[in-house]
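Shown next: entry04.cif, containing mmCIF, C-alpha atoms.
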```cif
data_model
#
loop_
_atom_site.group_PDB
_atom_site.id
_atom_site.type_symbol
_atom_site.label_atom_id
_atom_site.label_comp_id
_atom_site.auth_asym_id
_atom_site.auth_seq_id
_atom_site.Cartn_x
_atom_site.Cartn_y
_atom_site.Cartn_z
ATOM 1 C CA MET I 190 -11.648 19.076 -14.730
ATOM 2 C CA THR I 191 -10.665 19.807 -18.277
ATOM 3 C CA GLY I 192 -7.239 20.827 -19.432
ATOM 4 C CA SER I 193 -5.189 19.492 -16.518
ATOM 5 C CA SER I 194 -5.211 17.071 -13.612
ATOM 6 C CA ARG I 195 -6.941 19.694 -11.406
ATOM 7 C CA GLY I 196 -6.049 18.452 -7.930
ATOM 8 C CA LEU I 197 -5.307 14.845 -8.856
ATOM 9 C CA GLY I 198 -1.605 15.506 -9.214
ATOM 10 C CA SER I 199 0.503 13.776 -11.802
ATOM 11 C CA VAL I 200 0.727 10.422 -9.970
ATOM 12 C CA GLY I 201 -1.807 8.528 -7.878
ATOM 13 C CA VAL I 202 -2.452 5.024 -6.559
ATOM 14 C CA TRP I 203 -4.946 2.358 -7.663
ATOM 15 C CA SER I 204 -5.704 -0.557 -5.360
ATOM 16 C CA HIS I 205 -8.431 -3.097 -4.678
ATOM 17 C CA LEU I 206 -7.809 -2.759 -0.915
ATOM 18 C CA ASP I 207 -9.771 -6.001 -0.450
ATOM 19 C CA GLY I 208 -6.641 -7.787 0.753
ATOM 20 C CA LEU I 209 -6.461 -5.544 3.821
ATOM 21 C CA ALA I 210 -8.517 -5.654 7.006
ATOM 22 C CA ALA I 211 -10.301 -2.413 7.887
ATOM 23 C CA ALA I 212 -7.603 -1.112 10.242
ATOM 24 C CA GLU I 213 -4.832 -2.038 7.792
ATOM 25 C CA MET I 214 -6.714 -0.366 4.963
ATOM 26 C CA ARG I 215 -7.083 2.883 6.888
ATOM 27 C CA ALA I 216 -3.377 2.872 7.739
ATOM 28 C CA PHE I 217 -2.474 2.143 4.116
ATOM 29 C CA VAL I 218 -4.514 5.082 2.810
ATOM 30 C CA ARG I 219 -3.138 7.485 5.412
ATOM 31 C CA ARG I 220 0.386 6.457 4.410
ATOM 32 C CA VAL I 221 -0.359 6.919 0.699
ATOM 33 C CA GLU I 222 -1.551 10.442 1.430
ATOM 34 C CA ALA I 223 1.484 11.195 3.610
ATOM 35 C CA LEU I 224 3.790 10.052 0.792
ATOM 36 C CA GLY I 225 2.382 12.779 -1.445
ATOM 37 C CA TYR I 226 0.361 10.809 -3.976
ATOM 38 C CA GLY I 227 -2.382 12.903 -5.513
ATOM 39 C CA ALA I 228 -5.259 10.439 -5.686
ATOM 40 C CA LEU I 229 -6.477 7.053 -4.499
ATOM 41 C CA TRP I 230 -8.611 5.004 -6.906
ATOM 42 C CA VAL I 231 -10.674 1.932 -6.069
ATOM 43 C CA PRO I 232 -12.497 -0.416 -8.472
ATOM 44 C CA GLU I 233 -15.884 -2.089 -8.297
ATOM 45 C CA THR I 234 -15.721 -5.829 -8.821
ATOM 46 C CA VAL I 235 -16.940 -8.378 -6.280
ATOM 47 C CA GLY I 236 -15.331 -6.951 -3.143
ATOM 48 C CA ARG I 237 -16.002 -3.862 -1.092
ATOM 49 C CA GLU I 238 -18.660 -1.457 -2.394
ATOM 50 C CA PRO I 239 -16.747 1.587 -3.686
ATOM 51 C CA TYR I 240 -18.960 4.480 -2.545
ATOM 52 C CA THR I 241 -19.243 3.159 1.003
ATOM 53 C CA LEU I 242 -15.514 2.466 1.026
ATOM 54 C CA LEU I 243 -14.541 5.953 -0.158
ATOM 55 C CA GLY I 244 -16.979 7.537 2.279
ATOM 56 C CA ALA I 245 -15.107 5.852 5.113
ATOM 57 C CA LEU I 246 -11.719 6.821 3.681
ATOM 58 C CA SER I 247 -12.713 10.457 3.231
ATOM 59 C CA GLY I 248 -12.800 10.712 7.015
ATOM 60 C CA GLU I 249 -9.306 9.230 7.273
ATOM 61 C CA THR I 250 -7.713 11.711 4.865
ATOM 62 C CA GLU I 251 -7.498 15.456 4.326
ATOM 63 C CA ARG I 252 -5.886 16.187 0.972
ATOM 64 C CA ILE I 253 -5.803 13.185 -1.341
ATOM 65 C CA MET I 254 -8.404 12.930 -4.095
ATOM 66 C CA LEU I 255 -10.668 9.875 -3.986
ATOM 67 C CA GLY I 256 -12.063 8.231 -7.087
ATOM 68 C CA THR I 257 -13.825 5.204 -8.499
ATOM 69 C CA SER I 258 -11.933 3.309 -11.179
ATOM 70 C CA ILE I 259 -14.328 2.133 -12.231
ATOM 71 C CA ALA I 260 -17.905 2.053 -10.887
ATOM 72 C CA SER I 261 -20.148 -0.061 -13.092
ATOM 73 C CA ILE I 262 -23.197 1.529 -14.685
ATOM 74 C CA TRP I 263 -24.920 -1.845 -14.230
ATOM 75 C CA GLY I 264 -24.386 -1.768 -10.474
ATOM 76 C CA HIS I 265 -26.294 1.426 -9.694
ATOM 77 C CA ASP I 266 -28.954 3.364 -11.541
ATOM 78 C CA ALA I 267 -28.118 6.939 -12.507
ATOM 79 C CA MET I 268 -30.101 8.408 -9.618
ATOM 80 C CA SER I 269 -28.361 6.385 -6.920
ATOM 81 C CA THR I 270 -24.985 7.157 -8.515
ATOM 82 C CA ARG I 271 -25.774 10.868 -8.539
ATOM 83 C CA MET I 272 -26.756 10.809 -4.881
ATOM 84 C CA ALA I 273 -23.650 8.821 -3.929
ATOM 85 C CA ALA I 274 -21.319 11.040 -5.938
ATOM 86 C CA MET I 275 -22.748 14.304 -4.663
ATOM 87 C CA THR I 276 -22.712 13.059 -1.068
ATOM 88 C CA LEU I 277 -19.107 11.900 -1.322
ATOM 89 C CA HIS I 278 -18.043 15.136 -2.990
ATOM 90 C CA GLU I 279 -19.613 17.190 -0.204
ATOM 91 C CA LEU I 280 -18.369 15.085 2.704
ATOM 92 C CA SER I 281 -14.819 14.934 1.331
ATOM 93 C CA GLY I 282 -14.652 18.673 0.779
ATOM 94 C CA GLY I 283 -14.593 18.423 -3.011
ATOM 95 C CA ARG I 284 -12.131 15.539 -3.285
ATOM 96 C CA PHE I 285 -14.235 13.004 -5.187
ATOM 97 C CA VAL I 286 -13.927 11.977 -8.852
ATOM 98 C CA LEU I 287 -16.585 9.730 -10.383
ATOM 99 C CA GLY I 288 -15.164 7.149 -12.764
ATOM 100 C CA LEU I 289 -17.811 5.194 -14.666
ATOM 101 C CA GLY I 290 -17.533 2.190 -16.957
ATOM 102 C CA VAL I 291 -19.640 -0.348 -18.809
ATOM 103 C CA SER I 292 -17.767 -3.233 -17.154
ATOM 104 C CA HIS I 293 -17.692 -6.610 -18.949
ATOM 105 C CA PRO I 294 -20.369 -8.982 -20.242
ATOM 106 C CA HIS I 295 -19.659 -11.701 -17.684
ATOM 107 C CA LEU I 296 -19.913 -9.243 -14.788
ATOM 108 C CA ALA I 297 -22.997 -7.438 -16.118
ATOM 109 C CA GLN I 298 -24.902 -10.526 -17.235
ATOM 110 C CA LYS I 299 -23.820 -13.511 -15.145
ATOM 111 C CA LEU I 300 -23.380 -11.684 -11.842
ATOM 112 C CA ARG I 301 -25.900 -8.838 -12.111
ATOM 113 C CA GLY I 302 -28.527 -10.198 -14.477
ATOM 114 C CA HIS I 303 -28.438 -7.364 -17.036
ATOM 115 C CA VAL I 304 -28.315 -7.588 -20.811
ATOM 116 C CA PHE I 305 -24.923 -6.340 -21.972
ATOM 117 C CA GLU I 306 -25.491 -4.586 -25.291
ATOM 118 C CA LYS I 307 -24.628 -1.354 -27.101
ATOM 119 C CA PRO I 308 -22.110 -0.211 -24.459
ATOM 120 C CA VAL I 309 -21.501 3.250 -25.963
ATOM 121 C CA THR I 310 -25.242 3.909 -26.242
ATOM 122 C CA ARG I 311 -25.860 2.706 -22.698
ATOM 123 C CA MET I 312 -23.074 4.933 -21.388
ATOM 124 C CA ARG I 313 -24.409 7.941 -23.300
ATOM 125 C CA GLU I 314 -27.891 7.387 -21.872
ATOM 126 C CA TYR I 315 -26.475 6.943 -18.390
ATOM 127 C CA LEU I 316 -24.455 10.152 -18.539
ATOM 128 C CA ASP I 317 -27.474 12.060 -19.799
ATOM 129 C CA ALA I 318 -29.630 10.754 -16.954
ATOM 130 C CA TYR I 319 -26.917 11.429 -14.384
ATOM 131 C CA ARG I 320 -26.577 15.062 -15.470
ATOM 132 C CA ARG I 321 -30.289 15.901 -15.606
ATOM 133 C CA LEU I 322 -31.590 14.104 -12.516
ATOM 134 C CA PRO I 323 -32.273 16.284 -9.447
ATOM 135 C CA TYR I 324 -30.198 16.376 -6.293
ATOM 136 C CA ARG I 325 -31.534 18.280 -3.295
ATOM 137 C CA GLY I 326 -28.775 17.703 -0.762
ATOM 138 C CA PRO I 327 -26.145 20.280 0.252
ATOM 139 C CA GLN I 328 -23.674 21.211 -2.469
ATOM 140 C CA LEU I 329 -20.187 22.656 -2.433
ATOM 141 C CA GLY I 330 -19.439 26.130 -3.679
ATOM 142 C CA GLY I 331 -17.294 29.159 -3.144
ATOM 143 C CA ALA I 332 -13.529 29.485 -3.008
ATOM 144 C CA GLY I 333 -11.154 27.106 -1.290
ATOM 145 C CA ALA I 334 -7.670 27.883 -0.133
ATOM 146 C CA ALA I 335 -6.178 27.693 -3.610
ATOM 147 C CA GLU I 336 -8.995 27.408 -6.129
ATOM 148 C CA VAL I 337 -12.752 27.285 -6.506
ATOM 149 C CA VAL I 338 -14.099 23.952 -5.321
ATOM 150 C CA LEU I 339 -16.250 22.403 -8.006
ATOM 151 C CA PRO I 340 -19.871 22.071 -6.809
ATOM 152 C CA GLU I 341 -20.140 18.735 -8.621
ATOM 153 C CA PRO I 342 -17.511 15.997 -8.953
ATOM 154 C CA PRO I 343 -15.797 15.495 -12.305
ATOM 155 C CA VAL I 344 -16.989 12.493 -14.289
ATOM 156 C CA ILE I 345 -14.540 10.389 -16.294
ATOM 157 C CA VAL I 346 -15.258 7.350 -18.424
ATOM 158 C CA ALA I 347 -13.426 4.051 -18.809
ATOM 159 C CA ALA I 348 -12.540 4.065 -22.496
ATOM 160 C CA LEU I 349 -10.341 1.852 -24.649
ATOM 161 C CA ARG I 350 -11.597 2.400 -28.197
ATOM 162 C CA GLU I 351 -12.450 5.363 -30.378
ATOM 163 C CA ARG I 352 -16.216 5.654 -29.914
ATOM 164 C CA MET I 353 -16.048 5.538 -26.122
ATOM 165 C CA LEU I 354 -13.132 7.986 -26.131
ATOM 166 C CA ALA I 355 -15.202 10.365 -28.260
ATOM 167 C CA LEU I 356 -18.064 10.103 -25.779
ATOM 168 C CA ALA I 357 -15.689 10.776 -22.890
ATOM 169 C CA ALA I 358 -14.369 13.876 -24.648
ATOM 170 C CA ARG I 359 -17.743 15.281 -25.662
ATOM 171 C CA GLU I 360 -20.018 14.367 -22.753
ATOM 172 C CA ALA I 361 -17.776 13.786 -19.737
ATOM 173 C CA ASP I 362 -14.658 15.348 -18.234
ATOM 174 C CA GLY I 363 -12.164 12.845 -19.518
ATOM 175 C CA ALA I 364 -11.175 9.214 -19.923
ATOM 176 C CA PHE I 365 -9.547 6.535 -17.766
ATOM 177 C CA PRO I 366 -8.148 3.670 -19.888
ATOM 178 C CA TYR I 367 -6.653 0.524 -18.393
ATOM 179 C CA LEU I 368 -3.763 -1.721 -19.479
ATOM 180 C CA VAL I 369 -2.414 0.385 -22.325
ATOM 181 C CA THR I 370 1.034 1.204 -23.701
ATOM 182 C CA PRO I 371 2.463 4.727 -24.035
ATOM 183 C CA GLN I 372 1.920 4.422 -27.783
ATOM 184 C CA ARG I 373 -1.765 3.761 -27.219
ATOM 185 C CA VAL I 374 -1.925 6.645 -24.755
ATOM 186 C CA ALA I 375 -0.590 8.998 -27.427
ATOM 187 C CA TRP I 376 -3.313 7.840 -29.817
ATOM 188 C CA MET I 377 -5.948 8.298 -27.103
ATOM 189 C CA ARG I 378 -4.701 11.806 -26.335
ATOM 190 C CA ALA I 379 -5.101 12.723 -29.996
ATOM 191 C CA VAL I 380 -8.631 11.301 -30.175
ATOM 192 C CA LEU I 381 -9.733 13.071 -26.999
ATOM 193 C CA ASP I 382 -8.350 16.431 -28.083
ATOM 194 C CA ARG I 383 -9.793 16.117 -31.585
ATOM 195 C CA GLU I 384 -13.272 15.279 -30.303
ATOM 196 C CA ALA I 385 -13.224 17.909 -27.562
ATOM 197 C CA GLY I 386 -12.059 20.540 -30.034
ATOM 198 C CA ALA I 387 -14.849 19.653 -32.459
ATOM 199 C CA ALA I 388 -17.338 20.083 -29.623
ATOM 200 C CA GLY I 389 -15.853 23.408 -28.550
ATOM 201 C CA ARG I 390 -14.502 21.996 -25.297
ATOM 202 C CA SER I 391 -11.063 22.269 -23.750
ATOM 203 C CA SER I 392 -8.652 19.338 -23.555
ATOM 204 C CA PRO I 393 -10.138 16.522 -21.434
ATOM 205 C CA LEU I 394 -8.400 14.783 -18.573
ATOM 206 C CA LEU I 395 -6.562 11.612 -19.510
ATOM 207 C CA ALA I 396 -5.790 9.406 -16.518
ATOM 208 C CA VAL I 397 -4.159 6.005 -17.020
ATOM 209 C CA THR I 398 -3.258 3.055 -14.827
ATOM 210 C CA LEU I 399 0.206 1.511 -14.662
ATOM 211 C CA PRO I 400 0.860 -1.752 -12.788
ATOM 212 C CA VAL I 401 4.369 -1.657 -11.323
ATOM 213 C CA VAL I 402 6.651 -4.292 -9.796
ATOM 214 C CA LEU I 403 9.712 -3.093 -7.901
ATOM 215 C CA GLU I 404 11.827 -6.104 -8.841
ATOM 216 C CA PRO I 405 14.861 -6.173 -11.169
ATOM 217 C CA ASP I 406 14.881 -9.944 -11.588
ATOM 218 C CA PRO I 407 12.940 -10.712 -14.798
ATOM 219 C CA ALA I 408 11.577 -14.082 -13.673
ATOM 220 C CA ALA I 409 10.301 -12.823 -10.315
ATOM 221 C CA ALA I 410 8.909 -9.605 -11.781
ATOM 222 C CA ARG I 411 7.078 -11.386 -14.587
ATOM 223 C CA ALA I 412 5.661 -13.927 -12.150
ATOM 224 C CA ALA I 413 4.051 -11.104 -10.168
ATOM 225 C CA ALA I 414 2.835 -9.465 -13.367
ATOM 226 C CA ARG I 415 1.304 -12.705 -14.658
ATOM 227 C CA ALA I 416 -0.499 -13.273 -11.365
ATOM 228 C CA TYR I 417 -2.036 -9.822 -11.646
ATOM 229 C CA LEU I 418 -2.954 -10.091 -15.330
ATOM 230 C CA ALA I 419 -4.503 -13.561 -15.050
ATOM 231 C CA PRO I 420 -8.160 -12.438 -14.624
ATOM 232 C CA TYR I 421 -7.943 -10.204 -17.702
ATOM 233 C CA LEU I 422 -6.559 -12.838 -20.071
ATOM 234 C CA ARG I 423 -10.003 -14.335 -20.753
ATOM 235 C CA THR I 424 -11.838 -11.021 -21.171
ATOM 236 C CA PRO I 425 -12.962 -10.137 -24.721
ATOM 237 C CA THR I 426 -12.766 -6.423 -23.935
ATOM 238 C CA TYR I 427 -9.036 -6.623 -23.340
ATOM 239 C CA HIS I 428 -8.504 -9.014 -26.230
ATOM 240 C CA ALA I 429 -9.921 -6.325 -28.525
ATOM 241 C CA SER I 430 -7.865 -3.609 -26.851
ATOM 242 C CA TRP I 431 -4.648 -5.631 -27.055
ATOM 243 C CA THR I 432 -5.320 -6.478 -30.686
ATOM 244 C CA ALA I 433 -5.591 -2.761 -31.428
ATOM 245 C CA GLN I 434 -2.245 -2.306 -29.667
ATOM 246 C CA GLY I 435 -0.505 -4.844 -31.908
ATOM 247 C CA PHE I 436 -0.818 -8.034 -29.869
ATOM 248 C CA ALA I 437 -2.291 -11.369 -30.938
ATOM 249 C CA PRO I 438 -4.095 -14.313 -29.286
ATOM 250 C CA GLU I 439 -0.826 -16.134 -28.729
ATOM 251 C CA ASP I 440 0.280 -13.233 -26.527
ATOM 252 C CA TRP I 441 -2.581 -13.626 -24.027
ATOM 253 C CA ALA I 442 -2.772 -17.409 -24.220
ATOM 254 C CA GLN I 443 -1.408 -19.044 -21.069
ATOM 255 C CA PRO I 444 1.243 -18.620 -19.803
ATOM 256 C CA THR I 445 1.151 -15.179 -21.498
ATOM 257 C CA SER I 446 3.979 -13.876 -23.644
ATOM 258 C CA ASP I 447 6.810 -11.878 -22.139
ATOM 259 C CA ARG I 448 6.035 -9.260 -24.777
ATOM 260 C CA LEU I 449 2.516 -8.626 -23.435
ATOM 261 C CA VAL I 450 3.621 -8.830 -19.809
ATOM 262 C CA ASP I 451 6.418 -6.310 -20.300
ATOM 263 C CA ALA I 452 4.137 -3.933 -22.220
ATOM 264 C CA MET I 453 1.333 -3.958 -19.643
ATOM 265 C CA VAL I 454 3.359 -4.073 -16.415
ATOM 266 C CA ALA I 455 6.399 -1.957 -15.582
ATOM 267 C CA TRP I 456 9.086 -3.766 -13.631
ATOM 268 C CA GLY I 457 12.651 -3.165 -12.536
ATOM 269 C CA ASP I 458 14.380 -0.877 -10.064
ATOM 270 C CA ALA I 459 12.996 2.498 -9.037
ATOM 271 C CA GLY I 460 14.756 4.232 -11.915
ATOM 272 C CA ALA I 461 13.181 1.918 -14.488
ATOM 273 C CA LEU I 462 9.729 2.441 -12.998
ATOM 274 C CA HIS I 463 10.143 6.218 -13.047
ATOM 275 C CA GLU I 464 11.080 5.980 -16.727
ATOM 276 C CA ARG I 465 7.834 4.158 -17.487
ATOM 277 C CA ILE I 466 5.815 6.734 -15.545
ATOM 278 C CA ALA I 467 7.565 9.500 -17.466
ATOM 279 C CA ALA I 468 6.804 7.731 -20.754
ATOM 280 C CA MET I 469 3.091 7.757 -19.934
ATOM 281 C CA HIS I 470 3.196 11.470 -19.187
ATOM 282 C CA ALA I 471 5.213 12.189 -22.324
ATOM 283 C CA ALA I 472 2.597 10.331 -24.356
ATOM 284 C CA GLY I 473 -0.123 12.657 -23.091
ATOM 285 C CA ALA I 474 -1.386 11.268 -19.780
ATOM 286 C CA ASP I 475 -2.267 13.937 -17.231
ATOM 287 C CA HIS I 476 -2.381 11.499 -14.324
ATOM 288 C CA VAL I 477 -0.802 8.056 -13.854
ATOM 289 C CA ALA I 478 -2.373 5.791 -11.232
ATOM 290 C CA LEU I 479 0.188 3.267 -10.026
ATOM 291 C CA ILE I 480 -0.922 -0.276 -9.205
ATOM 292 C CA PRO I 481 1.820 -1.490 -6.811
ATOM 293 C CA LEU I 482 2.099 -5.260 -7.196
ATOM 294 C CA ALA I 483 3.300 -7.645 -4.546
ATOM 295 C CA PRO I 484 5.017 -10.916 -5.567
ATOM 296 C CA ASP I 485 1.624 -12.677 -5.549
ATOM 297 C CA GLY I 486 0.026 -10.038 -7.803
ATOM 298 C CA THR I 487 -2.008 -8.303 -5.101
ATOM 299 C CA THR I 488 -2.240 -4.523 -5.232
ATOM 300 C CA GLU I 489 -1.290 -3.152 -1.828
ATOM 301 C CA GLN I 490 2.514 -3.288 -1.970
ATOM 302 C CA LEU I 491 3.295 -0.228 0.152
ATOM 303 C CA PRO I 492 7.130 -0.557 -0.011
ATOM 304 C CA THR I 493 6.917 0.033 -3.766
ATOM 305 C CA LEU I 494 4.973 3.250 -3.243
ATOM 306 C CA GLU I 495 7.455 4.360 -0.593
ATOM 307 C CA ALA I 496 10.385 3.735 -2.935
ATOM 308 C CA LEU I 497 8.788 5.733 -5.749
ATOM 309 C CA ALA I 498 7.456 8.614 -3.684
ATOM 310 C CA GLY I 499 10.723 10.558 -3.553
ATOM 311 C CA ALA I 500 10.438 11.692 -7.152
ATOM 312 C CA LEU I 501 6.788 12.831 -6.942
#
```
Show me this structure written as structure tokens.
Amino acid sequence: MTGSSRGLGSVGVWSHLDGLAAAEMRAFVRRVEALGYGALWVPETVGREPYTLLGALSGETERIMLGTSIASIWGHDAMSTRMAAMTLHELSGGRFVLGLGVSHPHLAQKLRGHVFEKPVTRMREYLDAYRRLPYRGPQLGGAGAAEVVLPEPPVIVAALRERMLALAAREADGAFPYLVTPQRVAWMRAVLDREAGAAGRSSPLLAVTLPVVLEPDPAAARAAARAYLAPYLRTPTYHASWTAQGFAPEDWAQPTSDRLVDAMVAWGDAGALHERIAAMHAAGADHVALIPLAPDGTTEQLPTLEALAGAL
């Protein structure tokens, strides 16, 4: 999946889906596909298990790409991840994208009991093991209706800083940063292309997330944005990323500065949201995964996706 979005389309959807019952979730995903979005991404936190979830959703859909954003390398060893990814890729007809990340110290250590250290090294070792381990199940191959279906799913890496971006460019198929500005995206695009070029590889995929609130009233929009951002405000990983983007501790201290909120979350009418999506693409993103926020900060606000779908 180098050089373009290869089936993902230019705009997709990112959602926890944990706020929906099973029947509601299936209906939500079918509607997202019908609206024309190119991909559906689900995270791995403390809710539904992502591979099982996407396996169920592959049977509910026909066209939309399905991806993890992001599966934790601490949650599954490389062998189980390879089996899950290859199985999902086969059963979905080549519609799976494996997004991997090193997660955060509190999730890796407190919840899972691992030692969080040397994240770039651990990711490099994990990718190496994933690529070389055997898989004996059925694999895809041959030509589809429009293009050759890749026998293995693309692998992209959650990356916010230079060393992880370099790893994503050299040893994976691309990067998937989170909570970044268009200016940071432009810097990331340059790093990815530089590193891929040095390794003799074509331009990697750059997919980014963009939380969106379809609300022109500043107070209401920022309230939704703050509710969504709240879990990230105490995370050292994002503190470092925001510092690199020109923010300071007073920006992420409660109640969070308007400056940080407005930079991380797009809000306004449909026209304003489309402008922010376009800014991400202009900065070098191949694919923008929208996180549609409800007034309480949850991520399954279907009316927002319906309002934005006309310009896809």
### Message
Between atom CA of I:Leu246 and atom CA of I:Ala361, what is the distance in Å, rounded to a tenth?
### Response
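Taking atom CA of I:Leu246 as the start and atom CA of I:Ala361 as the end point, the length is 25.2 Å.
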### Query
Counting all atoms listed in the file, what is within 12 Å of I:Arg325, bar same-chain residues fewer than 6 positions away, as a list in words?
Met268, Arg271, Met272, Met275 and Thr276 of chain I
### Query
Restricting the calculation to all atoms listed in the file, which member of I:Ala375, I:Tyr315, I:Val200, I:Pro492 is positioned closest to I:Ser269?
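When distances to I:Ser269 are compared using all atoms listed in the file, the smallest one comes from I:Tyr315.
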### Query
For I:Glu384, which residue among I:Ala364, I:Ala396, I:Leu356, I:Ala471 is the nearest when counting all atoms listed in the file?
I:Leu356
For I:Gln443, please output as a PDB file with C-alpha atoms, in the frame of the given file all residues within 10 Å (counting only C-alpha atoms; exclusion window: fewer than 4 positions along the same chain).
```pdb
ATOM      1  CA  ARG I 415       1.304 -12.705 -14.658  1.00  0.00           C
ATOM      2  CA  ALA I 419      -4.503 -13.561 -15.050  1.00  0.00           C
ATOM      3  CA  LEU I 422      -6.559 -12.838 -20.071  1.00  0.00           C
ATOM      4  CA  ARG I 423     -10.003 -14.335 -20.753  1.00  0.00           C
ATOM      5  CA  PRO I 438      -4.095 -14.313 -29.286  1.00  0.00           C
ATOM      6  CA  GLU I 439      -0.826 -16.134 -28.729  1.00  0.00           C
TER       7      GLU I 439
END
```
### Task
Enumerate, as a VMD selection string, the protein, DNA and RNA residues whose atoms approach (-20.8, 2.5, -12.2) to within 6 Å, taking into account only C-alpha atoms and the coordinate frame of the file.
chain I and resid 260 to 262 264 289 to 290
### Pick from I:Ala348, I:Leu381, I:Val221, I:Ala267, whichever lies nearest to I:Val397 using only C-alpha atoms
I:Ala348
### Message
Given the PyMOL selection byres ((chain I and resi 353) around 12) and the file above, list the residues it selects as an MDAnalysis selection string.
### Response
chainID I and resid 289:291 307:313 345:352 354:361 363:366 377 380:381 384
Those selected residues, please, written with C-alpha atoms and delivered as a PDB file, in the coordinates of the input.
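Okay, this is what ended up in again-v3.pdb:
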```
ATOM      1  CA  LEU I 289     -17.811   5.194 -14.666  1.00  0.00           C
ATOM      2  CA  GLY I 290     -17.533   2.190 -16.957  1.00  0.00           C
ATOM      3  CA  VAL I 291     -19.640  -0.348 -18.809  1.00  0.00           C
ATOM      4  CA  LYS I 307     -24.628  -1.354 -27.101  1.00  0.00           C
ATOM      5  CA  PRO I 308     -22.110  -0.211 -24.459  1.00  0.00           C
ATOM      6  CA  VAL I 309     -21.501   3.250 -25.963  1.00  0.00           C
ATOM      7  CA  THR I 310     -25.242   3.909 -26.242  1.00  0.00           C
ATOM      8  CA  ARG I 311     -25.860   2.706 -22.698  1.00  0.00           C
ATOM      9  CA  MET I 312     -23.074   4.933 -21.388  1.00  0.00           C
ATOM     10  CA  ARG I 313     -24.409   7.941 -23.300  1.00  0.00           C
ATOM     11  CA  ILE I 345     -14.540  10.389 -16.294  1.00  0.00           C
ATOM     12  CA  VAL I 346     -15.258   7.350 -18.424  1.00  0.00           C
ATOM     13  CA  ALA I 347     -13.426   4.051 -18.809  1.00  0.00           C
ATOM     14  CA  ALA I 348     -12.540   4.065 -22.496  1.00  0.00           C
ATOM     15  CA  LEU I 349     -10.341   1.852 -24.649  1.00  0.00           C
ATOM     16  CA  ARG I 350     -11.597   2.400 -28.197  1.00  0.00           C
ATOM     17  CA  GLU I 351     -12.450   5.363 -30.378  1.00  0.00           C
ATOM     18  CA  ARG I 352     -16.216   5.654 -29.914  1.00  0.00           C
ATOM     19  CA  LEU I 354     -13.132   7.986 -26.131  1.00  0.00           C
ATOM     20  CA  ALA I 355     -15.202  10.365 -28.260  1.00  0.00           C
ATOM     21  CA  LEU I 356     -18.064  10.103 -25.779  1.00  0.00           C
ATOM     22  CA  ALA I 357     -15.689  10.776 -22.890  1.00  0.00           C
ATOM     23  CA  ALA I 358     -14.369  13.876 -24.648  1.00  0.00           C
ATOM     24  CA  ARG I 359     -17.743  15.281 -25.662  1.00  0.00           C
ATOM     25  CA  GLU I 360     -20.018  14.367 -22.753  1.00  0.00           C
ATOM     26  CA  ALA I 361     -17.776  13.786 -19.737  1.00  0.00           C
ATOM     27  CA  GLY I 363     -12.164  12.845 -19.518  1.00  0.00           C
ATOM     28  CA  ALA I 364     -11.175   9.214 -19.923  1.00  0.00           C
ATOM     29  CA  PHE I 365      -9.547   6.535 -17.766  1.00  0.00           C
ATOM     30  CA  PRO I 366      -8.148   3.670 -19.888  1.00  0.00           C
ATOM     31  CA  MET I 377      -5.948   8.298 -27.103  1.00  0.00           C
ATOM     32  CA  VAL I 380      -8.631  11.301 -30.175  1.00  0.00           C
ATOM     33  CA  LEU I 381      -9.733  13.071 -26.999  1.00  0.00           C
ATOM     34  CA  GLU I 384     -13.272  15.279 -30.303  1.00  0.00           C
TER      35      GLU I 384
END
```
### Query
Between I:Pro342, I:Gly326, I:Pro400, I:Gly389, which is the closest to I:Leu482 once you count only C-alpha atoms?
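So, comparing all the options, the nearest one is I:Pro400.
The residues caught by the PyMOL selection byres ((chain I and resi 256) around 9) in this file are Ala228, Leu229, Trp230, Val231, Pro232, Pro239, Leu243, Met254, Leu255, Thr257, Ser258, Ile259, Arg284, Phe285, Val286, Leu287 and Gly288 of chain I.
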### Task
Considering all atoms listed in the file, return as a PyMOL selection string whatever protein or nucleic-acid residues lie within 10 Å of I:Glu251, sequence-local ones (same chain, fewer than 4 positions apart) excluded.
chain I and resi 219+222-223+246-247+281-282+284
## Note on the structure
Closest of I:Ala455, I:His463, I:Gly435, I:Tyr417 to I:Ala483, counting all atoms listed in the file, is I:Tyr417
Starting from the shown file, work through the PyMOL selection byres ((chain I and resi 403) around 9) and note down what comes out as a compact mmCIF listing (two decimals) with C-alpha atoms, in the coordinates of the input.
```
# COMPACT_ATOMS: atom_id res chain seq x y z
CA VAL I 401 4.37 -1.66 -11.32
CA VAL I 402 6.65 -4.29 -9.80
CA GLU I 404 11.83 -6.10 -8.84
CA PRO I 405 14.86 -6.17 -11.17
CA ALA I 410 8.91 -9.60 -11.78
CA ALA I 455 6.40 -1.96 -15.58
CA TRP I 456 9.09 -3.77 -13.63
CA GLY I 457 12.65 -3.16 -12.54
CA ASP I 458 14.38 -0.88 -10.06
CA ALA I 459 13.00 2.50 -9.04
CA ALA I 461 13.18 1.92 -14.49
CA LEU I 462 9.73 2.44 -13.00
CA PRO I 481 1.82 -1.49 -6.81
CA LEU I 482 2.10 -5.26 -7.20
CA ALA I 483 3.30 -7.64 -4.55
CA PRO I 492 7.13 -0.56 -0.01
CA THR I 493 6.92 0.03 -3.77
CA ALA I 496 10.38 3.74 -2.94
```
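Atom pair atom CA of I:Ala433 / atom CA of I:Gly198: separated by 29.0 Å.
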### Task
Please provide the set of residues having any atom within 8 Å of I:Met453, restricted to all atoms listed in the file, with same-chain residues fewer than 5 positions apart removed, written as a VMD selection string.
chain I and resid 368 to 370 399 to 400
Go ahead and save the picked residues with C-alpha atoms, as a short mmCIF file (atom, residue, chain, number, x, y, z; two decimals), in the coordinates of the input.
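Dumped everything to part_14.cif:
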```cif
data_model
loop_
_atom_site.label_atom_id
_atom_site.label_comp_id
_atom_site.auth_asym_id
_atom_site.auth_seq_id
_atom_site.Cartn_x
_atom_site.Cartn_y
_atom_site.Cartn_z
CA LEU I 368 -3.76 -1.72 -19.48
CA VAL I 369 -2.41 0.38 -22.32
CA THR I 370 1.03 1.20 -23.70
CA LEU I 399 0.21 1.51 -14.66
CA PRO I 400 0.86 -1.75 -12.79
#
```
